[in-house]
Amino acid sequence: MLKSLYARTIWLIFISFSLIVLAAGYFRFWAPTQESIANKVSVYTAYVAEVNKVSSAVKKKEAAAKAIQLAQAAWLPYVETKTPLQSVNDGGINLNVNQYQLLLDTKKFRDSVQIALNNQLKTGGVKVISGPRIPGVTDQDAPNSVLASYYNYPSAPFPVVIYDLGQVTVQGTYEQILANVRAWSSMPRYLAVAHNLALTGTAPRLTGTYDLSLVGYIRYDGINGPVPDAGGASAPGGGAGPGGPGGPGGGAPMGPAMMGAASAGGGRGAR
């Protein structure tokens, strides 16, 4: 019986010692190793997710760049045919001059716009009873205010002239008046909108009255800053900014999305 008790004790001691060794091995080696492996797997999974994000971001960037190129290509025909030139002698305007020169050039530009308007008014063979006058600048305007007040920059993200010209009255046949109104949509160098047409009189001689608005997106390669006042400080209102990406001329054409912003923005009214 003593032998049996002794053997049982030996087995219990062996089992207890084994359990202690196993517990020590589990908590000292196996469990930390498994936790380390789980952490490494988690880190690896996170790295893979970030790499996938980079790949997705690159694809999105490429898609965005392609969309910009397509938008620029779509807008380029408008740049060529529906924006004023950058030469004052050719009826356009160059903003990359000092503000005193811009004040003088804007007067010439205003006259060029008026000539273009007068030519367009006669389209269709109508008789012009009353036509609008393009607003301009005067010698009393401060040079540093012209860019903001006449070209709506920087209140608009790019230079633009917006003329709400009021009513136009013409006389002619129904076909002539209709041709006159429709022709505004194809006016060279500008985006023109004729609306609210009303006809009076007795056919074949009718009188047509409609409202007219004119928008001119200005090409620019750069914009000079404000000229200093008499005290040497720069007067507010001029603003300097790069051309190219924002404008329909220069380095990159303006995107079609900007057209909505221009039409929604305020313009310079008649003085």
# chains A, B, ... in the order shown; residues from 1 in each chain; ligands from 1
>>> residues_around(residues="segment 119-130 of chain A", least_positions_apart="4", cutoff="8 Å", atoms="only C-alpha atoms", output="PDB file with all heavy atoms, in the first residue's frame")
ATOM      1  N   ILE A 115     -18.411  98.797 -81.143  1.00  0.00           N
ATOM      2  CA  ILE A 115     -18.421  98.585 -82.595  1.00  0.00           C
ATOM      3  C   ILE A 115     -18.922  97.188 -82.924  1.00  0.00           C
ATOM      4  O   ILE A 115     -19.744  97.001 -83.836  1.00  0.00           O
ATOM      5  CB  ILE A 115     -17.008  98.805 -83.172  1.00  0.00           C
ATOM      6  CG1 ILE A 115     -16.611 100.286 -83.061  1.00  0.00           C
ATOM      7  CG2 ILE A 115     -16.933  98.340 -84.623  1.00  0.00           C
ATOM      8  CD1 ILE A 115     -15.172 100.570 -83.425  1.00  0.00           C
ATOM      9  N   VAL A 168     -33.479  96.363 -76.538  1.00  0.00           N
ATOM     10  CA  VAL A 168     -33.135  96.675 -77.925  1.00  0.00           C
ATOM     11  C   VAL A 168     -34.435  96.717 -78.718  1.00  0.00           C
ATOM     12  O   VAL A 168     -35.306  95.859 -78.534  1.00  0.00           O
ATOM     13  CB  VAL A 168     -32.191  95.611 -78.524  1.00  0.00           C
ATOM     14  CG1 VAL A 168     -31.933  95.887 -80.001  1.00  0.00           C
ATOM     15  CG2 VAL A 168     -30.882  95.558 -77.746  1.00  0.00           C
ATOM     16  N   THR A 169     -34.571  97.689 -79.589  1.00  0.00           N
ATOM     17  CA  THR A 169     -35.780  97.798 -80.421  1.00  0.00           C
ATOM     18  C   THR A 169     -35.379  97.838 -81.890  1.00  0.00           C
ATOM     19  O   THR A 169     -34.539  98.654 -82.290  1.00  0.00           O
ATOM     20  CB  THR A 169     -36.594  99.058 -80.080  1.00  0.00           C
ATOM     21  OG1 THR A 169     -36.947  99.022 -78.695  1.00  0.00           O
ATOM     22  CG2 THR A 169     -37.869  99.118 -80.909  1.00  0.00           C
ATOM     23  N   VAL A 170     -35.938  96.928 -82.679  1.00  0.00           N
ATOM     24  CA  VAL A 170     -35.640  96.848 -84.103  1.00  0.00           C
ATOM     25  C   VAL A 170     -36.952  96.745 -84.884  1.00  0.00           C
ATOM     26  O   VAL A 170     -37.989  96.365 -84.341  1.00  0.00           O
ATOM     27  CB  VAL A 170     -34.739  95.640 -84.423  1.00  0.00           C
ATOM     28  CG1 VAL A 170     -33.381  95.796 -83.770  1.00  0.00           C
ATOM     29  CG2 VAL A 170     -35.399  94.342 -83.990  1.00  0.00           C
ATOM     30  N   GLN A 171     -36.880  97.071 -86.173  1.00  0.00           N
ATOM     31  CA  GLN A 171     -38.040  96.958 -87.061  1.00  0.00           C
ATOM     32  C   GLN A 171     -37.674  96.110 -88.272  1.00  0.00           C
ATOM     33  O   GLN A 171     -36.542  96.137 -88.752  1.00  0.00           O
ATOM     34  CB  GLN A 171     -38.520  98.334 -87.524  1.00  0.00           C
ATOM     35  CG  GLN A 171     -39.330  99.090 -86.491  1.00  0.00           C
ATOM     36  CD  GLN A 171     -39.893 100.393 -87.048  1.00  0.00           C
ATOM     37  OE1 GLN A 171     -39.475 100.865 -88.121  1.00  0.00           O
ATOM     38  NE2 GLN A 171     -40.845 100.982 -86.324  1.00  0.00           N
ATOM     39  N   GLY A 172     -38.665  95.366 -88.757  1.00  0.00           N
ATOM     40  CA  GLY A 172     -38.463  94.549 -89.943  1.00  0.00           C
ATOM     41  C   GLY A 172     -39.574  93.530 -90.068  1.00  0.00           C
ATOM     42  O   GLY A 172     -40.572  93.576 -89.334  1.00  0.00           O
ATOM     43  N   THR A 173     -39.399  92.613 -90.988  1.00  0.00           N
ATOM     44  CA  THR A 173     -40.381  91.541 -91.120  1.00  0.00           C
ATOM     45  C   THR A 173     -40.197  90.535 -89.977  1.00  0.00           C
ATOM     46  O   THR A 173     -39.196  90.573 -89.248  1.00  0.00           O
ATOM     47  CB  THR A 173     -40.214  90.818 -92.453  1.00  0.00           C
ATOM     48  OG1 THR A 173     -38.927  90.172 -92.473  1.00  0.00           O
ATOM     49  CG2 THR A 173     -40.304  91.794 -93.625  1.00  0.00           C
ATOM     50  N   GLN A 176     -36.991  88.709 -90.503  1.00  0.00           N
ATOM     51  CA  GLN A 176     -35.806  89.509 -90.217  1.00  0.00           C
ATOM     52  C   GLN A 176     -35.563  89.650 -88.716  1.00  0.00           C
ATOM     53  O   GLN A 176     -34.439  89.526 -88.238  1.00  0.00           O
ATOM     54  CB  GLN A 176     -35.957  90.896 -90.859  1.00  0.00           C
ATOM     55  CG  GLN A 176     -35.822  90.905 -92.369  1.00  0.00           C
ATOM     56  CD  GLN A 176     -36.112  92.269 -92.959  1.00  0.00           C
ATOM     57  OE1 GLN A 176     -36.931  93.041 -92.432  1.00  0.00           O
ATOM     58  NE2 GLN A 176     -35.440  92.579 -94.067  1.00  0.00           N
ATOM     59  N   ILE A 177     -36.624  89.913 -87.981  1.00  0.00           N
ATOM     60  CA  ILE A 177     -36.490  90.071 -86.526  1.00  0.00           C
ATOM     61  C   ILE A 177     -36.071  88.749 -85.884  1.00  0.00           C
ATOM     62  O   ILE A 177     -35.214  88.715 -84.992  1.00  0.00           O
ATOM     63  CB  ILE A 177     -37.805  90.579 -85.916  1.00  0.00           C
ATOM     64  CG1 ILE A 177     -38.100  92.001 -86.424  1.00  0.00           C
ATOM     65  CG2 ILE A 177     -37.746  90.555 -84.391  1.00  0.00           C
ATOM     66  CD1 ILE A 177     -39.436  92.560 -85.971  1.00  0.00           C
ATOM     67  N   LEU A 178     -36.666  87.656 -86.350  1.00  0.00           N
ATOM     68  CA  LEU A 178     -36.307  86.352 -85.805  1.00  0.00           C
ATOM     69  C   LEU A 178     -34.837  86.030 -86.088  1.00  0.00           C
ATOM     70  O   LEU A 178     -34.118  85.523 -85.212  1.00  0.00           O
ATOM     71  CB  LEU A 178     -37.208  85.276 -86.403  1.00  0.00           C
ATOM     72  CG  LEU A 178     -37.247  83.932 -85.664  1.00  0.00           C
ATOM     73  CD1 LEU A 178     -37.748  84.104 -84.254  1.00  0.00           C
ATOM     74  CD2 LEU A 178     -38.109  82.932 -86.426  1.00  0.00           C
ATOM     75  N   ALA A 179     -34.376  86.336 -87.286  1.00  0.00           N
ATOM     76  CA  ALA A 179     -32.970  86.105 -87.633  1.00  0.00           C
ATOM     77  C   ALA A 179     -32.050  86.978 -86.783  1.00  0.00           C
ATOM     78  O   ALA A 179     -30.962  86.551 -86.375  1.00  0.00           O
ATOM     79  CB  ALA A 179     -32.746  86.385 -89.119  1.00  0.00           C
ATOM     80  N   ASN A 180     -32.483  88.201 -86.510  1.00  0.00           N
ATOM     81  CA  ASN A 180     -31.695  89.112 -85.693  1.00  0.00           C
ATOM     82  C   ASN A 180     -31.528  88.586 -84.273  1.00  0.00           C
ATOM     83  O   ASN A 180     -30.427  88.594 -83.711  1.00  0.00           O
ATOM     84  CB  ASN A 180     -32.366  90.485 -85.666  1.00  0.00           C
ATOM     85  CG  ASN A 180     -31.611  91.483 -84.804  1.00  0.00           C
ATOM     86  OD1 ASN A 180     -31.937  91.672 -83.638  1.00  0.00           O
ATOM     87  ND2 ASN A 180     -30.611  92.131 -85.384  1.00  0.00           N
ATOM     88  N   ALA A 183     -29.303  85.433 -84.160  1.00  0.00           N
ATOM     89  CA  ALA A 183     -27.900  85.662 -84.512  1.00  0.00           C
ATOM     90  C   ALA A 183     -27.034  86.004 -83.304  1.00  0.00           C
ATOM     91  O   ALA A 183     -25.807  85.833 -83.354  1.00  0.00           O
ATOM     92  CB  ALA A 183     -27.795  86.773 -85.552  1.00  0.00           C
ATOM     93  N   TRP A 184     -27.640  86.448 -82.220  1.00  0.00           N
ATOM     94  CA  TRP A 184     -26.838  86.792 -81.045  1.00  0.00           C
ATOM     95  C   TRP A 184     -26.091  85.581 -80.489  1.00  0.00           C
ATOM     96  O   TRP A 184     -25.022  85.718 -79.905  1.00  0.00           O
ATOM     97  CB  TRP A 184     -27.726  87.410 -79.962  1.00  0.00           C
ATOM     98  CG  TRP A 184     -28.169  88.803 -80.294  1.00  0.00           C
ATOM     99  CD1 TRP A 184     -29.418  89.206 -80.683  1.00  0.00           C
ATOM    100  CD2 TRP A 184     -27.358  89.984 -80.289  1.00  0.00           C
ATOM    101  NE1 TRP A 184     -29.441  90.561 -80.923  1.00  0.00           N
ATOM    102  CE2 TRP A 184     -28.186  91.057 -80.685  1.00  0.00           C
ATOM    103  CE3 TRP A 184     -26.029  90.245 -79.996  1.00  0.00           C
ATOM    104  CZ2 TRP A 184     -27.723  92.365 -80.793  1.00  0.00           C
ATOM    105  CZ3 TRP A 184     -25.554  91.554 -80.098  1.00  0.00           C
ATOM    106  CH2 TRP A 184     -26.396  92.594 -80.488  1.00  0.00           C
ATOM    107  N   MET A 187     -22.625  85.425 -82.052  1.00  0.00           N
ATOM    108  CA  MET A 187     -21.830  86.654 -82.100  1.00  0.00           C
ATOM    109  C   MET A 187     -20.363  86.343 -81.876  1.00  0.00           C
ATOM    110  O   MET A 187     -19.993  85.660 -80.916  1.00  0.00           O
ATOM    111  CB  MET A 187     -22.310  87.642 -81.034  1.00  0.00           C
ATOM    112  CG  MET A 187     -21.529  88.943 -81.025  1.00  0.00           C
ATOM    113  SD  MET A 187     -22.112  90.074 -79.736  1.00  0.00           S
ATOM    114  CE  MET A 187     -21.009  91.474 -80.012  1.00  0.00           C
TER     115      MET A 187
END
>>> select_by_dssp(residues="segment 120-153 of chain A", states="alpha helix (DSSP H)", output="list in words")
Gln120, Leu121, Pro143, Asn144, Ser145, Val146, Leu147, Ala148, Ser149 and Tyr150 of chain A
>>> residues_around(residues="Gln114 of chain A", least_positions_apart="3", cutoff="8 Å", atoms="only C-alpha atoms", output="ChimeraX atom specification")
/A:110-111,117-118,133-134
>>> atom_distance(atom1="atom CA of Leu95 of chain A", atom2="atom CA of Val146 of chain A")
10.5 Å
>>> atom_distance(atom1="atom CA of Asn224 of chain A", atom2="atom CA of Lys107 of chain A")
18.0 Å
>>> select_by_dssp(residues="segment 40-258 of chain A", states="strand (DSSP E or B)", output="MDAnalysis selection string")
chainID A and resid 127:130 160:172 191:202 205:217 222:223 228 234 241:242
>>> closest_residue(among="A:Arg182, A:Arg189, A:His195, A:Lys66", to="Ile218 of chain A", atoms="only C-alpha atoms")
A:Arg189
>>> atom_distance(atom1="atom CA of Asp105 of chain A", atom2="atom CA of Ser185 of chain A")
27.0 Å
>>> closest_residue(among="A:Val181, A:Ile223, A:Leu191, A:Ala46", to="Asp211 of chain A", atoms="only C-alpha atoms")
A:Val181
